[in-house]
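J.: I have a structure here, written as structure tokens, and I will follow up with some questions on it.
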Amino acid sequence: MAGINQRERDNGETGYNWLSFAGGDSWYMRFVVIFLGVAVGLVFYIWYTQHSNDVSPDSIAGYSYAIIGTLFLLMAAILYSLKRRSHRKKIVGQLHKSLNWHICFGVLGLVFLFLHSFGNFNPRTGTYALYGMIALAVSGMIGRFLDRLVPRMITGEVHKALTVMGDDRIETISQKLQAIVVHNTQDLHSFAVVPDAKSRDASSSLVSLSGPVSSDFSFIHKDQALQTPWDLAYISLEATPQELSLEANHYRFVPDRKSELARPGALMPGAQEHISELQEVEQAMQRELFYRYVIRYWRKFHILLALLTLGLTIWHLVYAGQLLLPVLLHR
Amino acid sequence: MLKSGFKSGASSAVMLHKTVPQVAQELHACIGCNECLLACPAVTGSITIDVLNRETLSGPVSIPVARFARACYQCAACVAPCPVGLHRDAMMMWLKVRMLRSGWGE
């Protein structure tokens with residue numbers, strides 16, 4: 001035990017598990033508030049349905065649920081937004097508490113508005129508003145789940161893209177790859193072309209035959225590809241410089257198709273592995289970018305749903321007002 | 001290593017991670033004003049910017065900092081309020097990678 005404590009002191013807190021969660025006191029308090037709020041709403045719902053004949057959304061209990069639910073949703077929407085944009089003196093951790101209250105009021109608002117429906121799910125304005133609220137609350141829950149899961153996935157991808165020392169792995173691999181290419185290119189160049197007697201004879205015969213065409217054929221061994229006039233091959237029966245060059249040392253290393261050396265990158269040992277590694281890192285970075293977009297755009301989607309739900313709720317309130325106002329005015 | 005996404009502009013671009021030399025440079029440039037922590041919706045309190053800066057790059061990680069590192073969801077809310085334009089989210093990402101790597105040997 002003493003050994004473990006010593007290790008913890010030396011290394012500190014370690015590990016990063018999937019969906020790691022540390023609730024804290026504030027979170028548990030919100031959980032208790034949600035539990036109590038839902039319990040009170042449900043108990044009243046059960047009591048009311050057993051003791052009243054008017055079980056509908058436009059009953060006294062229905063209106064009560066509607067007002068309380070709307071207030072909860074307004075608090076969920078407004079308090080957190082105001083707190084985020086507030087320029088007043090803040091405390092570290094205050095925004096986290098506001099976020100917990102935002103979730104708490106959102107869930108309570110949804111539950112109370114669900115109870116407000118009293119099981120009436122006819123295709124009317126209220127039902128659409130309720131569906132919007134359900135979608136909004138579900139998107140918030142999924143968002144919280146993504147907030148736990150996706151950063152862990154991003155960390156996994158970044159772990160692949162960085163070296164042990166935290167340097168850019170692409171840069172490191174590129175440098176290694178460049179070193180391999182340079183090294184092997186130097187090796188290939190090191191096979192010097194030594195003109196043999198046969199080729200010297202051929203070039204001398206070409207010189208004698210071509211005469212005025214070219215007075216100096218010393219470049220034949222340096223730049224052997226198609227430097228001589230094309231028609232000289234028909235004049236001499238001797239092997240052309242191009243034919244002779246096939247006997248040169250550096251051409252003898254070119255393998256046939258079945259040879260192991262014929263596979264891609266065989267003449268550059270290690271290059272293919274590094275290229276594959278490079279591609280893996282690039283893919284990891286692409287996934288990282290994608291995950292970051294998921295986090296960002298899920299928030300935007302949640303806000304969009306909130307605006308849609310607000311619109312549907314206003315539509316429902318206007319509809320309910322049209323029904324209620326004449327009744328209230330004629331009393 | 002720092003790359004931007006499809007959009008241009010400091011506020012709208014999605015940034016990728018930074019390397020340790022870049023993170024070290026940013027930590028060195030931090031003036032300790034605490035604005036990033038005040039704007040963070042993930043931090044639960046009982047943490048100071050000095051401790052966070054000290055434990056980000058290397059050395060043992062205390063429990064509050066480790067909890068914060070795990071709770072951080074890379075929303076980049078900390079970037080805009082920084083008066084010197086630093087990326088606290090990139091620093092937190094390196095801390096996350098350290099936590100991830102430290103847990104592998106267990």
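To be explicit about the labels: the chains of the structure tokens are called A, B, and onward in the order shown, and within each one the residues are counted from 1, while ligands get numbers from 1 in the order they are shown.
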Only residues of chain B matter here; which ones have an atom within 9 Å of chain A, counting only C-alpha atoms? Give them as a ChimeraX atom specification.

T.: /B:1,5,14-21,34,37-48,59-63,65-67,69-75,93-94,96-104,106

J.: Residues as selected, N, CA and C atoms, written as a compact mmCIF listing (two decimals), in the first residue's frame, can you do that?

T.:
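again_8.txt, freshly written:
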```
# COMPACT_ATOMS: atom_id res chain seq x y z
N MET B 1 2.16 22.15 -37.87
CA MET B 1 1.16 21.19 -37.48
C MET B 1 -0.21 21.86 -37.36
N GLY B 5 -9.46 24.34 -40.68
CA GLY B 5 -10.43 23.54 -41.40
C GLY B 5 -10.90 24.22 -42.66
N VAL B 14 -11.55 25.40 -37.30
CA VAL B 14 -11.32 24.30 -36.37
C VAL B 14 -9.82 24.00 -36.39
N MET B 15 -9.19 24.09 -35.24
CA MET B 15 -7.74 23.91 -35.16
C MET B 15 -7.41 22.47 -34.80
N LEU B 16 -6.35 21.98 -35.39
CA LEU B 16 -5.85 20.67 -34.99
C LEU B 16 -4.90 20.85 -33.81
N HIS B 17 -4.35 19.76 -33.35
CA HIS B 17 -3.46 19.79 -32.18
C HIS B 17 -2.16 20.55 -32.47
N LYS B 18 -1.42 20.80 -31.40
CA LYS B 18 -0.11 21.43 -31.55
C LYS B 18 0.97 20.49 -31.01
N THR B 19 2.19 20.73 -31.44
CA THR B 19 3.30 19.90 -30.96
C THR B 19 3.77 20.42 -29.60
N VAL B 20 4.58 19.62 -28.94
CA VAL B 20 5.05 20.02 -27.60
C VAL B 20 5.88 21.31 -27.63
N PRO B 21 6.79 21.50 -28.59
CA PRO B 21 7.48 22.79 -28.61
C PRO B 21 6.53 23.98 -28.74
N ASN B 34 -6.17 34.03 -16.11
CA ASN B 34 -7.28 33.16 -15.68
C ASN B 34 -8.52 33.24 -16.57
N LEU B 37 -9.93 29.88 -17.90
CA LEU B 37 -10.62 29.04 -16.91
C LEU B 37 -12.00 29.61 -16.57
N LEU B 38 -12.10 30.93 -16.57
CA LEU B 38 -13.40 31.55 -16.29
C LEU B 38 -14.41 31.26 -17.40
N ALA B 39 -13.91 31.13 -18.63
CA ALA B 39 -14.81 30.89 -19.77
C ALA B 39 -15.09 29.41 -19.99
N CYS B 40 -14.44 28.56 -19.21
CA CYS B 40 -14.55 27.11 -19.47
C CYS B 40 -15.79 26.51 -18.81
N PRO B 41 -16.64 25.81 -19.59
CA PRO B 41 -17.81 25.18 -18.99
C PRO B 41 -17.51 23.79 -18.41
N ALA B 42 -16.28 23.32 -18.56
CA ALA B 42 -15.94 21.97 -18.09
C ALA B 42 -15.25 21.96 -16.75
N VAL B 43 -14.55 23.04 -16.43
CA VAL B 43 -13.78 23.05 -15.18
C VAL B 43 -14.73 23.18 -13.98
N THR B 44 -14.45 22.39 -12.95
CA THR B 44 -15.38 22.34 -11.82
C THR B 44 -14.90 23.16 -10.63
N GLY B 45 -13.82 23.87 -10.77
CA GLY B 45 -13.32 24.67 -9.65
C GLY B 45 -12.13 24.02 -8.99
N SER B 46 -11.65 24.62 -7.92
CA SER B 46 -10.50 24.16 -7.15
C SER B 46 -9.27 23.90 -8.03
N ILE B 47 -9.05 24.81 -8.96
CA ILE B 47 -7.88 24.70 -9.84
C ILE B 47 -7.41 26.11 -10.17
N THR B 48 -6.11 26.28 -10.22
CA THR B 48 -5.56 27.60 -10.56
C THR B 48 -4.73 27.50 -11.83
N GLY B 59 5.90 16.21 -15.78
CA GLY B 59 5.82 16.01 -14.34
C GLY B 59 4.51 15.37 -13.92
N PRO B 60 4.37 15.09 -12.63
CA PRO B 60 3.15 14.45 -12.14
C PRO B 60 1.92 15.36 -12.28
N VAL B 61 0.78 14.72 -12.47
CA VAL B 61 -0.48 15.47 -12.65
C VAL B 61 -1.34 15.27 -11.41
N SER B 62 -1.74 16.38 -10.79
CA SER B 62 -2.56 16.27 -9.57
C SER B 62 -4.00 15.87 -9.94
N ILE B 63 -4.75 15.44 -8.96
CA ILE B 63 -6.10 14.92 -9.21
C ILE B 63 -7.03 15.99 -9.81
N VAL B 65 -6.32 18.58 -11.65
CA VAL B 65 -5.90 18.86 -13.04
C VAL B 65 -6.24 17.66 -13.94
N ALA B 66 -6.05 16.46 -13.41
CA ALA B 66 -6.38 15.26 -14.20
C ALA B 66 -7.88 15.20 -14.49
N ARG B 67 -8.67 15.54 -13.50
CA ARG B 67 -10.14 15.55 -13.70
C ARG B 67 -10.53 16.59 -14.74
N ALA B 69 -8.60 17.69 -17.12
CA ALA B 69 -8.13 17.21 -18.44
C ALA B 69 -9.11 16.22 -19.04
N ARG B 70 -9.66 15.35 -18.21
CA ARG B 70 -10.62 14.36 -18.71
C ARG B 70 -11.97 15.00 -19.04
N ALA B 71 -12.31 16.04 -18.29
CA ALA B 71 -13.61 16.70 -18.50
C ALA B 71 -13.61 17.65 -19.69
N CYS B 72 -12.43 18.16 -20.05
CA CYS B 72 -12.34 19.12 -21.16
C CYS B 72 -12.84 18.48 -22.45
N TYR B 73 -13.80 19.14 -23.11
CA TYR B 73 -14.32 18.55 -24.34
C TYR B 73 -13.96 19.36 -25.58
N GLN B 74 -12.89 20.10 -25.49
CA GLN B 74 -12.29 20.75 -26.65
C GLN B 74 -13.30 21.62 -27.41
N CYS B 75 -14.10 22.36 -26.64
CA CYS B 75 -15.10 23.22 -27.29
C CYS B 75 -14.49 24.54 -27.75
N MET B 93 -4.99 19.45 -24.82
CA MET B 93 -4.90 18.23 -25.63
C MET B 93 -3.61 17.48 -25.33
N TRP B 94 -2.51 18.23 -25.17
CA TRP B 94 -1.25 17.57 -24.84
C TRP B 94 -1.34 16.91 -23.47
N LYS B 96 -4.05 15.72 -22.17
CA LYS B 96 -4.88 14.53 -22.39
C LYS B 96 -4.03 13.39 -22.96
N VAL B 97 -3.16 13.73 -23.93
CA VAL B 97 -2.29 12.71 -24.53
C VAL B 97 -1.36 12.12 -23.47
N ARG B 98 -0.86 12.98 -22.60
CA ARG B 98 0.01 12.51 -21.53
C ARG B 98 -0.75 11.55 -20.61
N MET B 99 -1.98 11.92 -20.30
CA MET B 99 -2.80 11.06 -19.42
C MET B 99 -3.06 9.71 -20.10
N LEU B 100 -3.35 9.79 -21.38
CA LEU B 100 -3.64 8.56 -22.14
C LEU B 100 -2.41 7.65 -22.16
N ARG B 101 -1.26 8.24 -22.43
CA ARG B 101 -0.03 7.45 -22.52
C ARG B 101 0.39 6.90 -21.15
N SER B 102 0.12 7.68 -20.12
CA SER B 102 0.52 7.22 -18.77
C SER B 102 -0.32 6.04 -18.32
N GLY B 103 -1.52 5.94 -18.83
CA GLY B 103 -2.40 4.86 -18.41
C GLY B 103 -2.16 3.55 -19.12
N TRP B 104 -1.34 3.58 -20.17
CA TRP B 104 -1.16 2.37 -20.98
C TRP B 104 -0.31 1.30 -20.30
N GLU B 106 -0.45 0.36 -17.30
CA GLU B 106 -1.07 -0.26 -16.13
C GLU B 106 -1.72 -1.58 -16.46
```

J.: Quick one: residues within 9 Å of Val111 of chain A, only C-alpha atoms counted, chain neighbours fewer than 6 positions away excluded, as a list in words?

T.: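 Residues near the query, excluding close chain neighbours: Val38, Gly41 and Gly69 of chain A.
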